[in-house]
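Participant: Let me begin by handing over the structure; questions about it come next.
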Protein chains: 2
Amino acid sequence: MTVLVLGADGYLGWATCMYFSQRGHRVAAVDNYFRREALKAQGLESLVPVPGLPERARLWEAKSGSKIDVHIGDITDYGFLLSIFRQYGPDTVVHYAEQPSAPYSMMSRDNAAFTVQNNLLGTLNVAYAVRETNPACHIIKLGTMGEYGTPDIDIEEGWIEIEHKGRKEKFLFPRQAGSLYHTTKIQDTDLLWFYVRTWGLKVTDLMQGPVYGISTEESGLDDGLLPHFNYDEVFGTVLNRFIVQAVAGHPLTIYGGGGQVRGYLNIRDTMQCVYLSAMRPAGPGELRVFNQVTELFSVNELSGRVKTAGDRLGYNVKLQHIENPRVEKEEHYYNPAYTGLLDLGLAPNYLTDEVLEGMFGTVEKYRERINRQAIFRGIKWK
Amino acid sequence: MTVLVLGADGYLGWATCMYFSQRGHRVAAVDNYFRREALKAQGLESLVPVPGLPERARLWEAKSGSKIDVHIGDITDYGFLLSIFRQYGPDTVVHYAEQPSAPYSMMSRDNAAFTVQNNLLGTLNVAYAVRETNPACHIIKLGTMGEYGTPDIDIEEGWIEIEHKGRKEKFLFPRQAGSLYHTTKIQDTDLLWFYVRTWGLKVTDLMQGPVYGISTEESGLDDGLLPHFNYDEVFGTVLNRFIVQAVAGHPLTIYGGGGQVRGYLNIRDTMQCVYLSAMRPAGPGELRVFNQVTELFSVNELSGRVKTAGDRLGYNVKLQHIENPRVEKEEHYYNPAYTGLLDLGLAPNYLTDEVLEGMFGTVEKYRERINRQAIFRGIKWK
């Protein structure tokens, strides 16, 4: 199969390229280096040094014997995207090429406008390029569990049948998100769902919870193949941040009461989920939705787990509840379904003590590179 | 009250400016002349000649003694929009400044991209400008009944309480629209609803059905004050088109079986609805939604009404069922609620024979200007 990975330089992108490449598929990696530039502009960087995509592709070929093509360009430029589709004729496009940070989207009007424009024009272009070159190409789009918010009813897997005044209809499960970024993910689903109905496109939407972890099977070959690992407030995800904070001797930054429950998963499981979805594509005119999480934790549970593991390793981990910069409920009902990917064959890597200790080990190796100033600045939602 | 009307050159914009001005309010009219340019680019024009906004403002002042300020500029330019908000400090902003045509949004990738960008960045900028200058300013945003599509359950007025597995939650009524344009209206609601929750903005969303009619109370002063009246396939609404077709001796273009039911209203009622909403604003942190229609008709009922009225006036009206260029159900359940605006005091102008004959009269007056080539080209959704 030929796979196009859009957003190949992000946290998940390069790992995904290697995962498909390792399994014998032809992979083209596309990115506009947004993350690198946004990090640089804010004086931030990945904990682990991340070579550019062409260099990583060379390293990958040297270590694995497999080739990954790289194209640096912007998918909001339709001519560029179309030329890539024409060159590769992909069977599957994995669309990660969105501005992925909630705090980033809340920092200013310019950031919000960039997020809207980048995420929606990019997605629109993917839909048009697929339709123009090969409507049978399967689009795997990354969504987020954050789109659902924290409603007081069970969260179903993408769809819900509503019975109302004696009649019934099936709808997308109602979405109301907690940040502008998450709102653009609702909107890109609105877009794709429209073109699925109108043009018969094949789309899988992976509603992913916060991802943690740094290494994948393939990155074991060389540290130069590790993903961007961000621990700052803008691009870092919560568990990754807590571990860096613990290693740096910074108190774990718990927003508000810490009762916020979310579904999490290991980056290794993201690889499995995307791969399983690609191997068993959605049908024509189908928007298939999976809730891509493996376990639920409250922030307090996560910070507790990190403290326990860290203390055992000798870090003396401190916890600190800070004023919540976000607008979110700190105590709420949360009961999402997430069986679809298990049914496809997902074998979860749960958050064991071993996994936590492995993450501590990698972070420890790079502790000299931790920039304490980057850990917390207090970007506010309001 | 000071009112900012964004999109003041469109079908409803100038009529709204005059309506508020006539009732003693200070009005600033803003438009980027998108409609004029898009019409010109496609060789189309309004049936009735429409002077530019500054000229109409002069005419209005001469006839009514009241002044309307005019600013030609683009609200997707945030600096421009902010300067207008700072200059006027509006109590109410009526936001019509979106690309309003479903067929236009389906013609090409470029048109789709323009629609996404214009409609969402414009709305984002309005939210930011209100927050930055005066969060108490009431945003009245035009939505459309088309956002709901034609679900098999009753359409409630914006919101629905869902009971699911023994628990309850209130959500925005699920939306799934029939065109890319309508999809951007779902998306602009996603945006505003997010900022309502996060910043406490005051928003009224008017889910309007197709509007018909040409004259309003204020336009009676001079034909130079009449709105853009489009009868082409791109910018014309269905009843207006049927009447021009009847006068031109063109068969009425009924898409498919003609069983499609929608809610309609007279442009005079749009004026009332917007005004009533402005006088009784939404509260802080409230997204108030009204379904803005006064009557339901199927396309067959509408075409039948036009035929009866036209034949009586001697036009010998023909009906023609043509292959439906849209992706929509031609027979469907449709039962929307629309009591909110009646409760606010709306006194509907129903589609009487007198109203139809009045429209025939105005169109007859301009029949020499009808361009038969513009009536139907067959723009396809697929």
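By convention in this document, the chains of the structure tokens carry letters A, B, ... by their order, each chain's residues are numbered from 1, and ligands are numbered from 1 in the order they are shown.
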Would you mind listing what lies within 9 Å of Met271 in chain A as a list in words, with only C-alpha atoms counted and same-chain residues fewer than 6 positions away left out?

Facilitator: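 Selected residues are Leu12, Ala15, Thr16, Tyr19, Phe20 and Thr216 of chain A.
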
Participant: Env of range 116-122 of chain A: 9 Å cut, atoms = only C-alpha atoms, seq-sep filter 4 positions within chain, self excluded. Answer as a list in words.

Facilitator: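 So the residues in contact are Asp74, Ile75, Thr76, Asp77, Tyr78, Ala97, Glu98, Gln99, Pro100, Ser105, Asn111, Ala112, Val126, Ala127, Leu180, Tyr181, Thr183, Thr184, Lys185, Gln187, Asp188 and Leu191 of chain A; Ala113, Val116, Gln117, Leu120, Leu121 and Leu124 of chain B.
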
Participant: At a cut-off of 6 Å, which residues of chain B touch chain A? Count only C-alpha atoms and give the answer as a list in words.

Facilitator: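 My answer is Asp152, Ile153, Arg167, Lys168, Glu169 and Gln187 of chain B.
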
Participant: Excluding Gly52 in chain B and any residue of its chain fewer than 2 positions from it, enumerate the residues within 12 Å of it, using only C-alpha atoms, and give them as a list in words.

Facilitator: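 Here the answer would be Ala8, Asp9, Gly10, Trp14, Ala29, Val30, Asp31, Asn32, Tyr33, Arg35, Arg36, Pro49, Val50, Pro54, Glu55, Arg56, Ala57, Arg58, Leu59, Val70, His71, Ile72, Gly224, Leu225, Leu226, Pro227 and His228 of chain B.
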
Participant: Go ahead and save the residues from that selection, with C-alpha atoms, as a compact mmCIF listing (two decimals), in the first residue's frame.

Facilitator:
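Everything below was put into result-v5.txt:
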```
# COMPACT_ATOMS: atom_id res chain seq x y z
CA ALA B 8 -24.65 45.72 4.32
CA ASP B 9 -24.62 45.37 0.53
CA GLY B 10 -26.23 41.90 0.42
CA TRP B 14 -29.12 47.46 3.22
CA ALA B 29 -22.92 49.85 7.18
CA VAL B 30 -19.90 47.72 6.27
CA ASP B 31 -19.32 45.63 3.16
CA ASN B 32 -16.47 44.45 0.94
CA TYR B 33 -18.67 44.34 -2.21
CA ARG B 35 -21.60 40.07 -4.06
CA ARG B 36 -21.13 42.77 -6.67
CA PRO B 49 -30.22 48.30 -10.44
CA VAL B 50 -28.47 48.70 -7.09
CA PRO B 54 -22.44 55.55 -0.42
CA GLU B 55 -24.95 56.57 -3.08
CA ARG B 56 -27.75 54.67 -1.34
CA ALA B 57 -26.80 56.32 1.94
CA ARG B 58 -27.08 59.75 0.26
CA LEU B 59 -30.43 58.79 -1.23
CA VAL B 70 -20.77 53.55 5.12
CA HIS B 71 -17.40 51.76 5.21
CA ILE B 72 -16.19 49.64 2.32
CA GLY B 224 -32.78 53.06 -5.61
CA LEU B 225 -33.21 51.74 -2.06
CA LEU B 226 -34.35 48.26 -3.14
CA PRO B 227 -32.10 45.32 -2.24
CA HIS B 228 -30.05 43.17 -4.54
```

Participant: Near Trp60 in chain B, counting only C-alpha atoms, which residues have an atom at most 9 Å away, once you skip same-chain residues fewer than 3 positions from it, shown as a VMD selection string?

Facilitator: chain B and resid 18 55 to 57 63 to 68 218 221 to 222 225

Participant: Report as an mmCIF file with N, CA and C atoms, in the first residue's frame: the residues of range 203-283 of chain B with a DSSP assignment of alpha helix (DSSP H), based on the backbone of this structure.

Facilitator:
```cif
data_model
loop_
_atom_site.group_PDB
_atom_site.id
_atom_site.type_symbol
_atom_site.label_atom_id
_atom_site.label_comp_id
_atom_site.auth_asym_id
_atom_site.auth_seq_id
_atom_site.Cartn_x
_atom_site.Cartn_y
_atom_site.Cartn_z
ATOM 1 N N VAL B 238 -35.320 30.639 -4.046
ATOM 2 C CA VAL B 238 -36.209 29.886 -4.932
ATOM 3 C C VAL B 238 -37.471 30.642 -5.352
ATOM 4 N N LEU B 239 -38.174 31.256 -4.425
ATOM 5 C CA LEU B 239 -39.430 31.901 -4.825
ATOM 6 C C LEU B 239 -39.151 33.110 -5.721
ATOM 7 N N ASN B 240 -38.142 33.894 -5.371
ATOM 8 C CA ASN B 240 -37.773 35.031 -6.220
ATOM 9 C C ASN B 240 -37.448 34.559 -7.637
ATOM 10 N N ARG B 241 -36.748 33.440 -7.723
ATOM 11 C CA ARG B 241 -36.384 32.905 -9.040
ATOM 12 C C ARG B 241 -37.623 32.480 -9.812
ATOM 13 N N PHE B 242 -38.518 31.796 -9.128
ATOM 14 C CA PHE B 242 -39.725 31.316 -9.817
ATOM 15 C C PHE B 242 -40.516 32.482 -10.423
ATOM 16 N N ILE B 243 -40.603 33.574 -9.684
ATOM 17 C CA ILE B 243 -41.403 34.696 -10.193
ATOM 18 C C ILE B 243 -40.741 35.323 -11.418
ATOM 19 N N VAL B 244 -39.427 35.463 -11.379
ATOM 20 C CA VAL B 244 -38.729 35.996 -12.556
ATOM 21 C C VAL B 244 -38.874 35.032 -13.731
ATOM 22 N N GLN B 245 -38.742 33.727 -13.453
ATOM 23 C CA GLN B 245 -38.920 32.726 -14.513
ATOM 24 C C GLN B 245 -40.312 32.849 -15.134
ATOM 25 N N ALA B 246 -41.313 33.005 -14.276
ATOM 26 C CA ALA B 246 -42.694 33.112 -14.769
ATOM 27 C C ALA B 246 -42.851 34.336 -15.665
ATOM 28 N N VAL B 247 -42.300 35.452 -15.223
ATOM 29 C CA VAL B 247 -42.421 36.691 -16.002
ATOM 30 C C VAL B 247 -41.653 36.567 -17.320
ATOM 31 N N ALA B 248 -40.515 35.870 -17.270
ATOM 32 C CA ALA B 248 -39.682 35.727 -18.472
ATOM 33 C C ALA B 248 -40.211 34.654 -19.421
ATOM 34 N N ILE B 267 -38.963 38.977 3.308
ATOM 35 C CA ILE B 267 -37.854 39.849 3.724
ATOM 36 C C ILE B 267 -38.328 40.873 4.766
ATOM 37 N N ARG B 268 -39.584 41.237 4.706
ATOM 38 C CA ARG B 268 -40.101 42.173 5.721
ATOM 39 C C ARG B 268 -40.076 41.541 7.118
ATOM 40 N N ASP B 269 -40.268 40.237 7.155
ATOM 41 C CA ASP B 269 -40.227 39.541 8.441
ATOM 42 C C ASP B 269 -38.789 39.362 8.932
ATOM 43 N N THR B 270 -37.848 39.223 8.008
ATOM 44 C CA THR B 270 -36.443 39.211 8.431
ATOM 45 C C THR B 270 -36.126 40.498 9.187
ATOM 46 N N MET B 271 -36.609 41.627 8.653
ATOM 47 C CA MET B 271 -36.358 42.906 9.318
ATOM 48 C C MET B 271 -36.903 42.889 10.743
ATOM 49 N N GLN B 272 -38.146 42.444 10.868
ATOM 50 C CA GLN B 272 -38.765 42.363 12.202
ATOM 51 C C GLN B 272 -37.958 41.461 13.143
ATOM 52 N N CYS B 273 -37.554 40.304 12.621
ATOM 53 C CA CYS B 273 -36.878 39.316 13.472
ATOM 54 C C CYS B 273 -35.548 39.859 13.991
ATOM 55 N N VAL B 274 -34.798 40.480 13.097
ATOM 56 C CA VAL B 274 -33.500 41.016 13.508
ATOM 57 C C VAL B 274 -33.721 42.146 14.523
ATOM 58 N N TYR B 275 -34.703 42.982 14.240
ATOM 59 C CA TYR B 275 -34.961 44.115 15.119
ATOM 60 C C TYR B 275 -35.438 43.654 16.499
ATOM 61 N N LEU B 276 -36.375 42.730 16.508
ATOM 62 C CA LEU B 276 -36.868 42.198 17.786
ATOM 63 C C LEU B 276 -35.735 41.558 18.592
ATOM 64 N N SER B 277 -34.851 40.860 17.903
ATOM 65 C CA SER B 277 -33.705 40.238 18.591
ATOM 66 C C SER B 277 -32.793 41.294 19.186
ATOM 67 N N ALA B 278 -32.588 42.376 18.438
ATOM 68 C CA ALA B 278 -31.709 43.441 18.927
ATOM 69 C C ALA B 278 -32.305 44.132 20.148
ATOM 70 N N MET B 279 -33.617 44.314 20.128
ATOM 71 C CA MET B 279 -34.273 45.013 21.234
ATOM 72 C C MET B 279 -34.304 44.166 22.503
#
```

Participant: How many Å lie between CA of Tyr231 in chain A and CA of Ala374 in chain A, rounded to one decimal?

Facilitator: 7.8 Å

Participant: I'd like the contact shell of Gln292 in chain A - 7 Å cut-off, only C-alpha atoms, skipping same-chain residues fewer than 2 positions apart - returned as JSON, numbers by chain.

Facilitator: {"A": [206, 207, 208, 209, 290, 294, 338]}

Participant: Check the smallest atom-to-atom distance from each of B:Gly24, B:Gly340, B:Gly79, B:Gly220 to Arg288 in chain B using only C-alpha atoms, then report the winner.

Facilitator: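 Ranked by minimum distance to Arg288 in chain B, first place goes to B:Gly340.
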
Participant: To test your reading of the structure, identify every residue in range 102-207 of chain B that backbone DSSP assigns to strand (DSSP E), and report it as a list in words.

Facilitator: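 The residues of range 102-207 of chain B classed as strand (DSSP E) are His138, Ile139, Ile140, Lys141, Leu142, Gly143, Thr144, Trp159, Ile160, Glu161, Ile162, Glu163, His164, Arg167, Lys168, Glu169, Lys170, Phe171, Leu172, Lys202, Val203, Thr204, Asp205, Leu206 and Met207 of chain B.
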
Participant: Could you write out the selected residues, including N, CA and C atoms, as a PDB file, in the first residue's frame?

Facilitator:
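result-v8.pdb, freshly written:
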```pdb
ATOM      1  N   HIS B 138     -23.943  42.853  21.677  1.00  0.00           N
ATOM      2  CA  HIS B 138     -24.757  41.690  21.283  1.00  0.00           C
ATOM      3  C   HIS B 138     -24.490  41.343  19.813  1.00  0.00           C
ATOM      4  N   ILE B 139     -24.078  40.117  19.570  1.00  0.00           N
ATOM      5  CA  ILE B 139     -23.839  39.660  18.197  1.00  0.00           C
ATOM      6  C   ILE B 139     -25.097  38.956  17.693  1.00  0.00           C
ATOM      7  N   ILE B 140     -25.654  39.475  16.607  1.00  0.00           N
ATOM      8  CA  ILE B 140     -26.760  38.771  15.945  1.00  0.00           C
ATOM      9  C   ILE B 140     -26.184  38.183  14.670  1.00  0.00           C
ATOM     10  N   LYS B 141     -26.131  36.873  14.635  1.00  0.00           N
ATOM     11  CA  LYS B 141     -25.503  36.198  13.506  1.00  0.00           C
ATOM     12  C   LYS B 141     -26.569  35.475  12.704  1.00  0.00           C
ATOM     13  N   LEU B 142     -26.501  35.603  11.405  1.00  0.00           N
ATOM     14  CA  LEU B 142     -27.458  34.899  10.571  1.00  0.00           C
ATOM     15  C   LEU B 142     -27.015  33.456  10.394  1.00  0.00           C
ATOM     16  N   GLY B 143     -27.851  32.549  10.843  1.00  0.00           N
ATOM     17  CA  GLY B 143     -27.651  31.140  10.540  1.00  0.00           C
ATOM     18  C   GLY B 143     -28.609  30.744   9.437  1.00  0.00           C
ATOM     19  N   THR B 144     -28.809  29.466   9.245  1.00  0.00           N
ATOM     20  CA  THR B 144     -29.782  29.030   8.255  1.00  0.00           C
ATOM     21  C   THR B 144     -30.417  27.713   8.687  1.00  0.00           C
ATOM     22  N   TRP B 159     -31.741  23.938  20.275  1.00  0.00           N
ATOM     23  CA  TRP B 159     -31.248  23.082  21.352  1.00  0.00           C
ATOM     24  C   TRP B 159     -32.110  21.842  21.491  1.00  0.00           C
ATOM     25  N   ILE B 160     -31.512  20.800  22.031  1.00  0.00           N
ATOM     26  CA  ILE B 160     -32.289  19.591  22.299  1.00  0.00           C
ATOM     27  C   ILE B 160     -31.761  18.935  23.570  1.00  0.00           C
ATOM     28  N   GLU B 161     -32.681  18.451  24.402  1.00  0.00           N
ATOM     29  CA  GLU B 161     -32.257  17.649  25.546  1.00  0.00           C
ATOM     30  C   GLU B 161     -32.247  16.193  25.128  1.00  0.00           C
ATOM     31  N   ILE B 162     -31.110  15.559  25.281  1.00  0.00           N
ATOM     32  CA  ILE B 162     -30.983  14.158  24.892  1.00  0.00           C
ATOM     33  C   ILE B 162     -30.982  13.300  26.146  1.00  0.00           C
ATOM     34  N   GLU B 163     -31.883  12.312  26.150  1.00  0.00           N
ATOM     35  CA  GLU B 163     -31.891  11.348  27.238  1.00  0.00           C
ATOM     36  C   GLU B 163     -31.251  10.086  26.691  1.00  0.00           C
ATOM     37  N   HIS B 164     -30.230   9.609  27.366  1.00  0.00           N
ATOM     38  CA  HIS B 164     -29.440   8.506  26.818  1.00  0.00           C
ATOM     39  C   HIS B 164     -28.975   7.620  27.961  1.00  0.00           C
ATOM     40  N   ARG B 167     -29.460   8.983  31.492  1.00  0.00           N
ATOM     41  CA  ARG B 167     -28.913  10.278  31.880  1.00  0.00           C
ATOM     42  C   ARG B 167     -29.336  11.318  30.848  1.00  0.00           C
ATOM     43  N   LYS B 168     -29.209  12.596  31.208  1.00  0.00           N
ATOM     44  CA  LYS B 168     -29.677  13.657  30.314  1.00  0.00           C
ATOM     45  C   LYS B 168     -28.617  14.733  30.121  1.00  0.00           C
ATOM     46  N   GLU B 169     -28.624  15.335  28.940  1.00  0.00           N
ATOM     47  CA  GLU B 169     -27.758  16.503  28.691  1.00  0.00           C
ATOM     48  C   GLU B 169     -28.401  17.332  27.593  1.00  0.00           C
ATOM     49  N   LYS B 170     -28.204  18.634  27.682  1.00  0.00           N
ATOM     50  CA  LYS B 170     -28.709  19.546  26.654  1.00  0.00           C
ATOM     51  C   LYS B 170     -27.580  19.857  25.679  1.00  0.00           C
ATOM     52  N   PHE B 171     -27.876  19.762  24.410  1.00  0.00           N
ATOM     53  CA  PHE B 171     -26.877  20.015  23.364  1.00  0.00           C
ATOM     54  C   PHE B 171     -27.468  20.948  22.305  1.00  0.00           C
ATOM     55  N   LEU B 172     -26.609  21.557  21.517  1.00  0.00           N
ATOM     56  CA  LEU B 172     -27.064  22.173  20.274  1.00  0.00           C
ATOM     57  C   LEU B 172     -27.759  21.087  19.460  1.00  0.00           C
ATOM     58  N   LYS B 202     -22.484  37.490  24.171  1.00  0.00           N
ATOM     59  CA  LYS B 202     -23.944  37.455  23.994  1.00  0.00           C
ATOM     60  C   LYS B 202     -24.240  37.255  22.508  1.00  0.00           C
ATOM     61  N   VAL B 203     -24.823  36.130  22.165  1.00  0.00           N
ATOM     62  CA  VAL B 203     -25.026  35.830  20.741  1.00  0.00           C
ATOM     63  C   VAL B 203     -26.451  35.349  20.475  1.00  0.00           C
ATOM     64  N   THR B 204     -27.047  35.888  19.434  1.00  0.00           N
ATOM     65  CA  THR B 204     -28.302  35.348  18.906  1.00  0.00           C
ATOM     66  C   THR B 204     -28.032  34.788  17.517  1.00  0.00           C
ATOM     67  N   ASP B 205     -28.439  33.548  17.311  1.00  0.00           N
ATOM     68  CA  ASP B 205     -28.253  32.892  16.015  1.00  0.00           C
ATOM     69  C   ASP B 205     -29.624  32.757  15.369  1.00  0.00           C
ATOM     70  N   LEU B 206     -29.796  33.392  14.229  1.00  0.00           N
ATOM     71  CA  LEU B 206     -31.090  33.361  13.538  1.00  0.00           C
ATOM     72  C   LEU B 206     -31.028  32.335  12.412  1.00  0.00           C
ATOM     73  N   MET B 207     -31.673  31.203  12.658  1.00  0.00           N
ATOM     74  CA  MET B 207     -31.659  30.108  11.679  1.00  0.00           C
ATOM     75  C   MET B 207     -32.739  30.391  10.646  1.00  0.00           C
TER      76      MET B 207
END
```

Participant: Env of Val196 in chain A: 7 Å cut, atoms = only C-alpha atoms, seq-sep filter 5 positions within chain, self excluded. Answer as a list in words.

Facilitator: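 Near neighbours after the sequence-gap exclusion: Leu201, Lys202, Gly285, Glu286 and Leu287 of chain A.
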
Participant: Can I get the selection written as an mmCIF file, in the first residue's frame, with N, CA and C atoms?

Facilitator:
```cif
data_model
loop_
_atom_site.group_PDB
_atom_site.id
_atom_site.type_symbol
_atom_site.label_atom_id
_atom_site.label_comp_id
_atom_site.auth_asym_id
_atom_site.auth_seq_id
_atom_site.Cartn_x
_atom_site.Cartn_y
_atom_site.Cartn_z
ATOM 1 N N LEU A 201 -16.800 9.892 -0.160
ATOM 2 C CA LEU A 201 -15.428 9.637 0.299
ATOM 3 C C LEU A 201 -15.415 8.583 1.409
ATOM 4 N N LYS A 202 -14.217 8.007 1.629
ATOM 5 C CA LYS A 202 -14.008 7.013 2.690
ATOM 6 C C LYS A 202 -13.166 7.656 3.791
ATOM 7 N N GLY A 285 -18.534 6.505 1.180
ATOM 8 C CA GLY A 285 -19.659 7.188 1.809
ATOM 9 C C GLY A 285 -19.784 6.902 3.288
ATOM 10 N N GLU A 286 -18.705 6.392 3.883
ATOM 11 C CA GLU A 286 -18.735 6.094 5.326
ATOM 12 C C GLU A 286 -17.787 7.003 6.103
ATOM 13 N N LEU A 287 -18.289 7.642 7.116
ATOM 14 C CA LEU A 287 -17.438 8.304 8.097
ATOM 15 C C LEU A 287 -17.417 7.382 9.310
#
```

Participant: Considering only C-alpha atoms, return as an MDAnalysis selection string whatever protein or nucleic-acid residues lie within 12 Å of Thr339 in chain B, sequence-local ones (same chain, fewer than 5 positions apart) excluded.

Facilitator: chainID B and resid 156:158 273 289:295 344:348

Participant: Provide the CA of Arg86 in chain A to CA of Met106 in chain B distance in Å, to one decimal place.

Facilitator: 22.7 Å

Participant: A:Val355, A:Leu81, A:Leu53, A:Val363: which is nearest Phe229 in chain A, counting only C-alpha atoms?

Facilitator: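 The shortest atom-to-atom distance to Phe229 in chain A comes from A:Val363.
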